[in-house]
Each structure stands twice: as C-alpha cells, then as structure tokens.
Amino acid sequence: MLGIVLASLNMRAALAGVSPLMSEIGGHFHLSAATSSLVTTIPLVFMGLGSIVAPRLARRFGTEAVLCGALLLLCGGILLRVTPPVVALFAGCALVGTAIALLNVLMPGLVKRDFPDRAASMTALYSTTLILGATGSAALSVPLENALGGWRGSLASWALLAAVAALVWLPQAVLTRRGAARPDAPAGSSAGSSVGSAAASASAVHAGEGPRLTRSPLAWQVTLMMGTQSLIAYVCIAWMPTIFTDHGMSKGGAGLVYAFYTLVQMAGSFFVPLLAGRMRDQRVPVVAVVALMAAGVTGLLIAPVAGAWVWATLMGVAQGGLLGLALTFMVLRTRDAHTASRLSGMAQTWGYLLASVGPFAIGWVYGATDSWTLPVSLLLVACAALLFLGLGAGRDRKI
C-alpha cells in the first residue's frame, strides 16, 4: 500500500510542476509559444504511446520490476529535462511521459491482483493521491524555484520523490523476480504473498492472452470515456486560467481559482469510486458527475468571472469523479488482473492520444473565432459524449 501511494504521488507531479514555470523555461531557451507548448504536449503523447508496451513488459519482467524501473526512468527523465541543451529538455519530456504511462497502465491490474476485495477503495486511494501529487507540485513549483535558485532546481527536486518511491519498490521487485524463478516455491514461503501472486500471474499468461479487447464494445466504452474525460481535463489545464483573465480577472486571481479547481478534484476522486464500488451498476454516479461537469461548463460559458469559484468547485469535483470512475471501470469491468492491465493499456493509449488533441483544437477554435463562446460550448458536446459512454460502461457487465 505504501508503494502504491508513493508511486501515485509521482504519476502527475513531474507534469504539474512545469506549467507555472513555462514562461521561465521558454525565455531561457528563447522558445516561441508554440514550441514551448511541446514541453506539456510531448509527455502527453508519450503517455499514450508508452501505454502500448506496458502490459507486455509486465508479463516479461513482472509488474513490480516494471513499476520500479518506471520510477527510475521517471527520475532520469526529470533530471534530463534540466540539463543545458534544449534537445535534452524535449528528450527528458519523452522519458517522463513514457515512465508515467507505465505507472498509469499497471496500477489498475496491480490493485485488481493484490486487493481484489477492496479494489474500489484502493482505486479511490491512488487516484486521490495522484491528484494530491499534482496539486502539491503546482503549488510548490514557484516557491521551490525561489528557494533553489531557478526553474531547474524546482523541476529537478521532483526526482527525489521518484527515487524514494523506487527504493520502496526495489525489495518487492527483487522478491517477485526470485519467486518467478522458483515456480515450485509455495505461496507462503519467505518471499511473501507477492511471489505467489507473480507465479499465479505467470500461469495466467501461459494460459493465453485473454479476450480480444478491440472487439469488445464495453472495452471501447471504457477507453473512450477515459479519453474524453482526459481531454476535458487537459483543456482545463491549458486554458482555464486564460478564460478567466480574458474576461477581466487578474492573473493572480485566475491562478488561485485554478489551484482550487485542482484541489477539490480530490473529493470527487475519493468518494465517487467508493460509492461506485458499493453498487453493481454505476450508471447513477455517472449521470451525477457528468451533470456536475455540464453545470460548471455552462456557468463558465454564461458568467465566467462572477461565479468562478462555484464553477471551479463543480468542475473540480466532477473531474475527480470522472477520473475515479474511469479507473474503477478498468477494475470492475474485467474478470482478472491480466485483463485489467490490458484494458488499462488500451484505455490509456487511445485515451491520452485523444486528450492530446483537445488543447490544440480548443486553442485553434479560439484563435479562429476570437471568442471563448464556441470553444467552451464544445466542452458541453464532450459532456454529452461522456454521458453516452458512461451509461454504457457503467452497466453491470464484464469483458
């Protein structure tokens, strides 16, 4: 459980700490606005591409070993981003995105395997911790910049968190590999229950690949729900403060509202999966969180500044709930840990590739219309899609 918490803290911290420092990074390397946006876009693309190989690596080396390796890769990518050549900045972003992809994909299968009777509560724990890491990183990036002498020190400091998490996972990785090498070892041997789990997982792999996910409508509903909620999330990350400032709010005020929006996501990500886990059918919480999101987006469209704190609350709780539901569905809609990992890989591959289109598309529409009315209205279209997809994914069925 400690390993899951520490890994979850790292799943967004390295990304969220970049946005507040973007002007300093772009100014240091003399980057244009379009080129600077690659610092956030490249990790998102590699979060999608890296998800493809995660289940295969887990079958080859074991989940614990891959998680430990991902945390070490994340540590290296964070440090590479702050080395002098500008090419190292972008290469480090690719490594960071790949490492986070491995963590994203493997976590649902790990929860399904080791906490089968508490899958929803563990999903709530790690999704909330994930948001906590992002919130803390965004809030601390500027103070760390001031304390450590610049943006490089601020970004590099998050490598320490990844290194600590890797040290915690190292014993698990070693014990699991030893257990996999001795399949005759009993489950109650000194290697612990994780060894027995690894042996069981290895047997499951030899038994076959499992169901064809690309032919499952349910798998595509979970995948597209993951992608659509991620698209809304990254559009808000990219443009929410700008929407407020363009309507007359100060930059400081917009930053506070956005930080609050990020903070209240923890409430949705914690309580919604817990509630969903107590139900056989999750369509009611789907309708509730999508309604909250639609209400917040409508308020952002009608009176963005006057009700900013209210819209941030509604959208934040809904965003956390949507993330929690999407992750929970990867566990509840599958029959075993192997299929959960494969579904997680599929959902996060296509989901993050879909999400990477959102900020650019909304920015292009805004540039073409010189108004936020149509771009924000498109988020309501995304909410309608979420409702349709969630009603399908929320039914009591399994792949």
# chains A, B, ... in the order shown; residues from 1 in each chain; ligands from 1
>>> select_by_dssp(residues="region 15-230 of chain A", states="alpha helix (DSSP H)", output="number ranges by chain")
A: 15-16, 22-29, 33-36, 38-49, 54-61, 63-81, 86-114, 119-148, 151-156, 158-181, 193-207, 217-230
>>> residues_around(residues="Thr223 (chain A)", least_positions_apart="6", cutoff="9 Å", atoms="only C-alpha atoms", output="list of chain:residue names")
A:Ala326, A:Met330, A:Leu343, A:Ser344, A:Met346, A:Ala347, A:Gln348, A:Thr349, A:Trp350, A:Gly351
>>> residues_around(residues="Gly390 (chain A)", least_positions_apart="6", cutoff="7 Å", atoms="only C-alpha atoms", output="list in words")
Met225, Arg283 and Val286 of chain A
>>> residues_around(residues="region 82-86 of chain A", least_positions_apart="3", cutoff="10 Å", atoms="only C-alpha atoms", output="NGL selection string")
:A and (25 or 28-31 or 77-79 or 89-92 or 151-156)
>>> write_last_selection(atoms="N, CA and C atoms", output="compact mmCIF listing (two decimals), in the first residue's frame")
# COMPACT_ATOMS: atom_id res chain seq x y z
N ILE A 25 11.00 28.84 -18.59
CA ILE A 25 11.65 27.84 -19.44
C ILE A 25 11.73 28.35 -20.88
N HIS A 28 14.31 31.14 -21.17
CA HIS A 28 15.70 30.68 -21.07
C HIS A 28 16.19 30.13 -22.40
N PHE A 29 15.34 29.35 -23.09
CA PHE A 29 15.74 28.72 -24.34
C PHE A 29 15.32 29.53 -25.56
N HIS A 30 14.70 30.70 -25.37
CA HIS A 30 14.22 31.56 -26.46
C HIS A 30 13.25 30.79 -27.37
N LEU A 31 12.28 30.13 -26.74
CA LEU A 31 11.30 29.34 -27.48
C LEU A 31 10.08 30.18 -27.80
N GLY A 77 14.40 10.93 -16.40
CA GLY A 77 13.78 11.88 -17.30
C GLY A 77 13.67 13.27 -16.70
N ILE A 78 13.32 13.33 -15.41
CA ILE A 78 13.21 14.62 -14.72
C ILE A 78 14.56 15.33 -14.72
N LEU A 79 15.62 14.59 -14.42
CA LEU A 79 16.96 15.19 -14.39
C LEU A 79 17.44 15.57 -15.78
N LEU A 89 15.84 18.85 -22.99
CA LEU A 89 14.55 19.20 -22.41
C LEU A 89 13.44 18.36 -23.02
N PHE A 90 13.42 18.27 -24.34
CA PHE A 90 12.36 17.53 -25.02
C PHE A 90 12.55 16.02 -24.87
N ALA A 91 13.80 15.55 -24.88
CA ALA A 91 14.05 14.12 -24.66
C ALA A 91 13.63 13.71 -23.26
N GLY A 92 13.93 14.55 -22.28
CA GLY A 92 13.50 14.27 -20.92
C GLY A 92 12.00 14.24 -20.80
N TRP A 151 14.35 27.76 -12.16
CA TRP A 151 13.39 26.75 -12.60
C TRP A 151 14.02 25.36 -12.65
N ARG A 152 15.33 25.29 -12.93
CA ARG A 152 15.99 23.98 -13.00
C ARG A 152 15.96 23.28 -11.65
N GLY A 153 16.25 24.01 -10.58
CA GLY A 153 16.21 23.41 -9.25
C GLY A 153 14.81 22.96 -8.88
N SER A 154 13.81 23.75 -9.27
CA SER A 154 12.42 23.39 -8.97
C SER A 154 12.03 22.10 -9.66
N LEU A 155 12.32 21.99 -10.96
CA LEU A 155 11.95 20.78 -11.69
C LEU A 155 12.75 19.57 -11.21
N ALA A 156 14.04 19.76 -10.96
CA ALA A 156 14.90 18.64 -10.56
C ALA A 156 14.51 18.08 -9.20
>>> closest_residue(among="A:Val5, A:Leu300, A:Leu73, A:Val284", to="Ala159 (chain A)", atoms="only C-alpha atoms")
A:Leu73
>>> closest_residue(among="A:Ala70, A:Met122, A:Leu314, A:Leu327", to="Ser341 (chain A)", atoms="only C-alpha atoms")
A:Leu327
>>> closest_residue(among="A:Thr228, A:Thr135, A:Gln319, A:Thr328", to="Leu378 (chain A)", atoms="only C-alpha atoms")
A:Thr228
>>> atom_distance(atom1="CA of Val376 (chain A)", atom2="CA of Ala312 (chain A)")
14.0 Å
>>> residues_around(residues="Gly227 (chain A)", least_positions_apart="6", cutoff="6 Å", atoms="only C-alpha atoms", output="ChimeraX atom specification")
/A:351-352,354-355
>>> write_last_selection(atoms="N, CA and C atoms", output="PDB file, in the first residue's frame")
ATOM      1  N   GLY A 351      -6.749   6.867 -24.982  1.00  0.00           N
ATOM      2  CA  GLY A 351      -7.278   7.972 -24.199  1.00  0.00           C
ATOM      3  C   GLY A 351      -6.367   9.184 -24.206  1.00  0.00           C
ATOM      4  N   TYR A 352      -5.071   8.983 -23.960  1.00  0.00           N
ATOM      5  CA  TYR A 352      -4.159  10.118 -23.912  1.00  0.00           C
ATOM      6  C   TYR A 352      -3.837  10.671 -25.293  1.00  0.00           C
ATOM      7  N   LEU A 354      -6.095  10.795 -27.649  1.00  0.00           N
ATOM      8  CA  LEU A 354      -7.276  11.629 -27.870  1.00  0.00           C
ATOM      9  C   LEU A 354      -7.177  12.926 -27.074  1.00  0.00           C
ATOM     10  N   ALA A 355      -6.737  12.814 -25.826  1.00  0.00           N
ATOM     11  CA  ALA A 355      -6.643  14.001 -24.965  1.00  0.00           C
ATOM     12  C   ALA A 355      -5.634  15.009 -25.504  1.00  0.00           C
TER      13      ALA A 355
END
